[in-house]
Amino acid sequence: MPSERLQRQIDSLLDAAEAAVAERDWNTVRECCNAVLRVDPENEDATLFLQMAGDDSVTSTDAPTNGSEAPVEASTPNAPTPETPAPEPAAVVPQPPASEPAPEPEPQEFAAGRYEVKRYLGEGGKKKVYLAYDRTLDRDVAFALIKTDGLDDVGRERIKREAQAMGRMGTHPCVMPIYDLGEENGQPFMVQPLMSGGDVEGLVEDAEGPLDLEQAIQIGRQTAEGLAFAHSKGIVHRDIKPGNVWMDETGAAKVGDFGLAVATDRSRLTVEKVMVGTVSYMPPEQATGGDVTPKADLYSLGAMLYEMCAGRPPFLGDDEIAIITQHVNTPPVAPSWHNKAIPQSLDSLIMRLLAKAPTDRPESAEDVITALDEVDLSAAAAQTEDADPINRVQSGVFVGRRSTMDQLKKAFEEVMSGQGRMVTLVGEPGIGKTRTSQELQTYAAMRGAEVLWGRCHEGGGAPPYWPWVQALRTYVLAKDPEVLRTLLGANASVVSEMVPDIKTKLPEAQIASNIEDPEAARFRLFDSVANFLRTASLADPMVIILDDLHWADRSSLLLLEYVVKELRNSRLLLIGNYRDVEITRRHPLAIALGDLTREQLFERIHL
């Protein structure tokens, strides 16, 4: 999925291609569309425009005309007569190409000469921007010509509302003002200050990692000041993001682009339950069509601060739905996990801003300003590695496992975004496999994950699938029957063959009759368990820790192989602990892991 900045360039190329279609400038159409398809091969608009160029460039509509509306057919020496058969298509003599229309000249001035165009600055999805000189007020300005192609009445009204909202607010040093608003040949325009520092999005992209914390705090504070001013005027921005915060020549930040702004005392233009905004910074209540209050802007500010301080947004995903789902359901990992230099006070503020419930966020933008003023960056230098979120909830100090924990936490973060996986912890007896797993349990529980344990026992006596029975029994007994019924669905009766506790919760889950051969029955059981775990993990992320796998029975290992192969598109992390000194080449675990290794389905961590 293209980034927002790249998408703006794609939109610009498609706009140019569309204009070229109207002018029948097929070379320009091909050039623009091929540029789009190089970065977005499945772009339907570019493909359609290319098809138009391929068809129309060889039709008679490009032939010379006699001045009337209809084209004149050009005669050729090989024109067919009743006595002469028509030549093959390949033998048609092409017409001389019509002269290509000259490219549309860039405008030299706007608003009856008030604004003299100095140069073209660029364009995004909605605006074409020029550096212009305001002859009336003797100053350089940014002249934004609003694109109206395909713009409906709601879109036009939104443009007016942006100007009205900002005009209603008046002036503030942290809000980008509108100098002028009007129409040029029926096309709306806005005149705003020239922001030579660019936007914060470009700043973050150029940094390729976290910004300097002092600069990030300054930008966050000035954004909060702009929001405090807007909120005091009854305006909620609803689209705070790095691309909507601009920097002047001194590096001061100003909030702009109030195109989605809504006055709290006016009816909304958007239909109820329609999502607006940018998904990487979108508060849960806005994503789900709920009431949007000033605290929605605080959540977006928190997501922006997170990205500036951690070098990445709070949530990543393969598509917009995956990111929105995490905003709604998944607690973020603390930004200090990505950047150890973040002091605890700033870490805590960002986590409060990203609270799912608006009532758990700071009360106002003024409170955010106060909290940012209290951040002491000098204290961060004395902050040790052990100050990350996991160690703050532990009573002791976990020594010598920092690298291992980073690997496990990275695996868990990938699982949270819907990429299920397995990791094994391998080492000699007493080296700390179980202890390390307990540390991960603490971390995962902080993120809202279900953590289940299953332990294998040395010697005989344990029933088949014993570690799985232990883990699933814990889950089943903790769930409300209605929730369990929904998660198990048609798999209830089959899984109850392995976990009889299901029948205690769901009496209707009758054990299926055993009329199949053993292989078919085992496949049905494995598939039902895997489907149950996938469904349950999508409801709440899940970690299953299987301890002492070197003692596991063969049935448990076969189920392990099957589940690992079905982990894709789940939020399940499997942790398997075993002693490598216990494993020979013919050991059942060695055989099972060998099959998984060949398919690259798990990661092995040696302690």
# chains A, B, ... in the order shown; residues from 1 in each chain; ligands from 1
$ select_by_dssp --residues "segment 138-361 of chain A" --states "alpha helix (DSSP H)" --output "ChimeraX atom specification"
/A:153-169,200-207,213-232,284-287,294-310,320-329,344-353
$ residues_around --residues "Gln419 of chain A" --least-positions-apart "2" --cutoff "12 Å" --atoms "only C-alpha atoms" --output "NGL selection string"
:A and (316-318 or 322 or 410-417 or 421-422 or 534 or 537-538 or 541-542 or 564 or 566-574 or 601)
$ closest_residue --among "A:His550, A:Lys565, A:His172, A:Arg139" --to "Val581 of chain A" --atoms "only C-alpha atoms"
A:His550
$ residues_around --residues "Arg361 of chain A" --least-positions-apart "3" --cutoff "8 Å" --atoms "only C-alpha atoms" --output "list in words"
Lys295, Leu298, Tyr299, Arg352, Leu353, Leu354, Ala355, Ala357 and Pro358 of chain A
$ write_last_selection --atoms "C-alpha atoms" --output "PDB file, in the first residue's frame"
ATOM      1  CA  LYS A 295     -10.131  14.371  23.127  1.00  0.00           C
ATOM      2  CA  LEU A 298      -5.446  14.425  21.754  1.00  0.00           C
ATOM      3  CA  TYR A 299      -5.324  10.762  20.695  1.00  0.00           C
ATOM      4  CA  ARG A 352      -2.224   8.242  28.322  1.00  0.00           C
ATOM      5  CA  LEU A 353      -2.913  10.106  25.087  1.00  0.00           C
ATOM      6  CA  LEU A 354      -3.353   6.759  23.316  1.00  0.00           C
ATOM      7  CA  ALA A 355      -5.883   5.414  25.822  1.00  0.00           C
ATOM      8  CA  ALA A 357     -11.420   5.416  26.249  1.00  0.00           C
ATOM      9  CA  PRO A 358     -11.503   9.231  25.907  1.00  0.00           C
TER      10      PRO A 358
END
$ residues_around --residues "segment 518-529 of chain A" --least-positions-apart "3" --cutoff "7 Å" --atoms "only C-alpha atoms" --output "list in words"
Asn491, Val494, Val495, Phe532, Leu533, Leu559 and Tyr562 of chain A
$ select_by_dssp --residues "segment 219-456 of chain A" --states "strand (DSSP E or B)" --output "ChimeraX atom specification"
/A:235-236,245-247,253-255,262-263,419,421-426,450-455
$ closest_residue --among "A:Ile591, A:Met190, A:Leu372, A:Cys456" --to "Trp551 of chain A" --atoms "only C-alpha atoms"
A:Cys456
$ residues_around --residues "Trp466 of chain A" --least-positions-apart "2" --cutoff "12 Å" --atoms "only C-alpha atoms" --output "number ranges by chain"
A: 453-458, 460-464, 468-473, 498-499, 546-547, 549, 551-557, 559-560
$ write_last_selection --atoms "N, CA, C and O atoms" --output "CSV table (one decimal), in the first residue's frame"
chain,number,residue,atom,x,y,z
A,453,TRP,N,-0.4,-21.8,29.6
A,453,TRP,CA,0.7,-22.7,29.8
A,453,TRP,C,0.3,-24.2,29.7
A,453,TRP,O,-0.8,-24.5,30.1
A,454,GLY,N,1.2,-24.9,29.1
A,454,GLY,CA,1.1,-26.4,29.1
A,454,GLY,C,2.4,-27.0,29.3
A,454,GLY,O,3.4,-26.6,28.7
A,455,ARG,N,2.5,-27.9,30.3
A,455,ARG,CA,3.8,-28.5,30.7
A,455,ARG,C,3.8,-30.0,30.4
A,455,ARG,O,2.8,-30.7,30.8
A,456,CYS,N,4.8,-30.5,29.8
A,456,CYS,CA,5.0,-31.9,29.5
A,456,CYS,C,5.7,-32.5,30.7
A,456,CYS,O,6.5,-31.9,31.5
A,457,HIS,N,5.3,-33.8,31.0
A,457,HIS,CA,5.8,-34.5,32.1
A,457,HIS,C,6.7,-35.7,31.7
A,457,HIS,O,6.5,-36.4,30.7
A,458,GLU,N,7.8,-35.8,32.5
A,458,GLU,CA,8.7,-36.9,32.2
A,458,GLU,C,8.1,-38.3,32.6
A,458,GLU,O,7.4,-38.4,33.6
A,460,GLY,N,5.8,-41.9,31.7
A,460,GLY,CA,4.5,-42.2,31.2
A,460,GLY,C,3.4,-41.7,32.1
A,460,GLY,O,3.6,-41.1,33.2
A,461,GLY,N,2.2,-42.1,31.8
A,461,GLY,CA,1.0,-41.8,32.6
A,461,GLY,C,0.2,-40.7,32.2
A,461,GLY,O,-1.0,-40.7,32.4
A,462,ALA,N,0.7,-39.7,31.5
A,462,ALA,CA,-0.1,-38.5,31.1
A,462,ALA,C,-0.8,-38.9,29.8
A,462,ALA,O,-0.3,-39.7,29.0
A,463,PRO,N,-2.1,-38.5,29.7
A,463,PRO,CA,-2.9,-38.8,28.5
A,463,PRO,C,-2.4,-38.1,27.3
A,463,PRO,O,-1.6,-37.2,27.4
A,464,PRO,N,-2.8,-38.5,26.1
A,464,PRO,CA,-2.4,-37.8,24.8
A,464,PRO,C,-2.7,-36.4,24.9
A,464,PRO,O,-3.7,-36.0,25.5
A,468,TRP,N,-1.4,-29.6,25.6
A,468,TRP,CA,-2.5,-28.8,25.0
A,468,TRP,C,-3.7,-28.8,25.8
A,468,TRP,O,-4.4,-27.8,25.9
A,469,VAL,N,-4.0,-29.9,26.5
A,469,VAL,CA,-5.2,-30.0,27.3
A,469,VAL,C,-5.1,-29.0,28.5
A,469,VAL,O,-6.0,-28.3,28.8
A,470,GLN,N,-3.9,-28.9,29.1
A,470,GLN,CA,-3.7,-28.0,30.2
A,470,GLN,C,-3.9,-26.5,29.7
A,470,GLN,O,-4.6,-25.8,30.4
A,471,ALA,N,-3.4,-26.2,28.6
A,471,ALA,CA,-3.5,-24.8,28.1
A,471,ALA,C,-4.9,-24.5,27.7
A,471,ALA,O,-5.5,-23.4,28.2
A,472,LEU,N,-5.6,-25.3,27.0
A,472,LEU,CA,-7.0,-25.1,26.6
A,472,LEU,C,-7.9,-25.1,27.7
A,472,LEU,O,-8.9,-24.4,27.7
A,473,ARG,N,-7.7,-26.0,28.7
A,473,ARG,CA,-8.6,-26.1,29.9
A,473,ARG,C,-8.6,-24.7,30.6
A,473,ARG,O,-9.6,-24.2,31.0
A,498,MET,N,-11.0,-33.8,23.2
A,498,MET,CA,-9.7,-33.6,23.8
A,498,MET,C,-9.8,-32.9,25.1
A,498,MET,O,-9.0,-33.1,26.1
A,499,VAL,N,-10.7,-31.9,25.2
A,499,VAL,CA,-10.9,-31.1,26.5
A,499,VAL,C,-12.3,-31.2,27.0
A,499,VAL,O,-13.2,-30.5,26.6
A,546,LEU,N,4.5,-23.9,25.8
A,546,LEU,CA,4.6,-25.3,26.0
A,546,LEU,C,6.0,-25.6,26.6
A,546,LEU,O,7.0,-25.5,25.9
A,547,ASP,N,6.0,-26.0,27.9
A,547,ASP,CA,7.3,-26.1,28.6
A,547,ASP,C,7.8,-27.6,28.5
A,547,ASP,O,6.9,-28.5,28.5
A,549,LEU,N,9.3,-29.4,26.1
A,549,LEU,CA,8.8,-30.1,25.0
A,549,LEU,C,9.6,-31.4,24.7
A,549,LEU,O,9.1,-32.3,24.0
A,551,TRP,N,9.9,-33.8,26.6
A,551,TRP,CA,9.2,-34.9,27.2
A,551,TRP,C,7.8,-35.0,26.5
A,551,TRP,O,7.0,-35.9,27.0
A,552,ALA,N,7.5,-34.3,25.5
A,552,ALA,CA,6.1,-34.4,24.9
A,552,ALA,C,5.9,-35.7,24.2
A,552,ALA,O,6.8,-36.3,23.6
A,553,ASP,N,4.6,-36.2,24.3
A,553,ASP,CA,4.2,-37.4,23.6
A,553,ASP,C,4.1,-37.1,22.1
A,553,ASP,O,4.0,-36.0,21.7
A,554,ARG,N,4.1,-38.2,21.3
A,554,ARG,CA,4.1,-38.0,19.9
A,554,ARG,C,2.8,-37.3,19.4
A,554,ARG,O,2.8,-36.5,18.5
A,555,SER,N,1.6,-37.6,20.0
A,555,SER,CA,0.4,-37.0,19.6
A,555,SER,C,0.5,-35.5,19.8
A,555,SER,O,0.0,-34.7,18.9
A,556,SER,N,1.0,-35.0,20.9
A,556,SER,CA,1.2,-33.6,21.1
A,556,SER,C,2.0,-32.9,20.1
A,556,SER,O,1.8,-31.8,19.7
A,557,LEU,N,3.1,-33.6,19.7
A,557,LEU,CA,4.0,-33.0,18.7
A,557,LEU,C,3.4,-33.0,17.3
A,557,LEU,O,3.6,-32.0,16.6
A,559,LEU,N,0.2,-32.6,16.8
A,559,LEU,CA,-0.7,-31.4,16.8
A,559,LEU,C,0.0,-30.1,16.7
A,559,LEU,O,-0.4,-29.2,16.1
A,560,LEU,N,1.2,-30.1,17.4
A,560,LEU,CA,2.0,-28.9,17.3
A,560,LEU,C,2.4,-28.6,15.8
A,560,LEU,O,2.3,-27.4,15.4
$ residues_around --residues "Ala46 of chain A" --least-positions-apart "6" --cutoff "9 Å" --atoms "only C-alpha atoms" --output "number ranges by chain"
A: 14, 17, 29-30, 32-34, 36-37
$ decode --residues "segment 247-258 of chain A" --atoms "N, CA and C atoms" --output "mmCIF file, in the first residue's frame"
data_model
loop_
_atom_site.group_PDB
_atom_site.id
_atom_site.type_symbol
_atom_site.label_atom_id
_atom_site.label_comp_id
_atom_site.auth_asym_id
_atom_site.auth_seq_id
_atom_site.Cartn_x
_atom_site.Cartn_y
_atom_site.Cartn_z
ATOM 1 N N MET A 247 5.995 23.685 9.300
ATOM 2 C CA MET A 247 7.104 24.363 9.971
ATOM 3 C C MET A 247 7.446 25.637 9.201
ATOM 4 N N ASP A 248 7.614 26.730 9.950
ATOM 5 C CA ASP A 248 8.042 27.960 9.282
ATOM 6 C C ASP A 248 9.562 28.005 9.216
ATOM 7 N N GLU A 249 10.097 29.134 8.762
ATOM 8 C CA GLU A 249 11.545 29.227 8.565
ATOM 9 C C GLU A 249 12.325 29.145 9.874
ATOM 10 N N THR A 250 11.684 29.411 10.998
ATOM 11 C CA THR A 250 12.365 29.326 12.298
ATOM 12 C C THR A 250 12.245 27.937 12.933
ATOM 13 N N GLY A 251 11.486 27.048 12.309
ATOM 14 C CA GLY A 251 11.268 25.720 12.887
ATOM 15 C C GLY A 251 10.050 25.638 13.778
ATOM 16 N N ALA A 252 9.268 26.715 13.871
ATOM 17 C CA ALA A 252 8.056 26.698 14.692
ATOM 18 C C ALA A 252 6.949 25.954 13.947
ATOM 19 N N ALA A 253 6.169 25.174 14.701
ATOM 20 C CA ALA A 253 5.116 24.345 14.111
ATOM 21 C C ALA A 253 3.780 25.066 14.149
ATOM 22 N N LYS A 254 2.992 24.868 13.081
ATOM 23 C CA LYS A 254 1.650 25.440 12.999
ATOM 24 C C LYS A 254 0.693 24.366 12.495
ATOM 25 N N VAL A 255 -0.478 24.286 13.109
ATOM 26 C CA VAL A 255 -1.498 23.333 12.693
ATOM 27 C C VAL A 255 -2.259 23.910 11.510
ATOM 28 N N GLY A 256 -2.388 23.123 10.445
ATOM 29 C CA GLY A 256 -3.109 23.577 9.263
ATOM 30 C C GLY A 256 -4.078 22.529 8.765
ATOM 31 N N ASP A 257 -4.615 22.762 7.564
ATOM 32 C CA ASP A 257 -5.521 21.825 6.891
ATOM 33 C C ASP A 257 -6.675 21.404 7.790
ATOM 34 N N PHE A 258 -7.536 22.352 8.072
ATOM 35 C CA PHE A 258 -8.726 22.062 8.872
ATOM 36 C C PHE A 258 -9.881 21.567 7.997
#
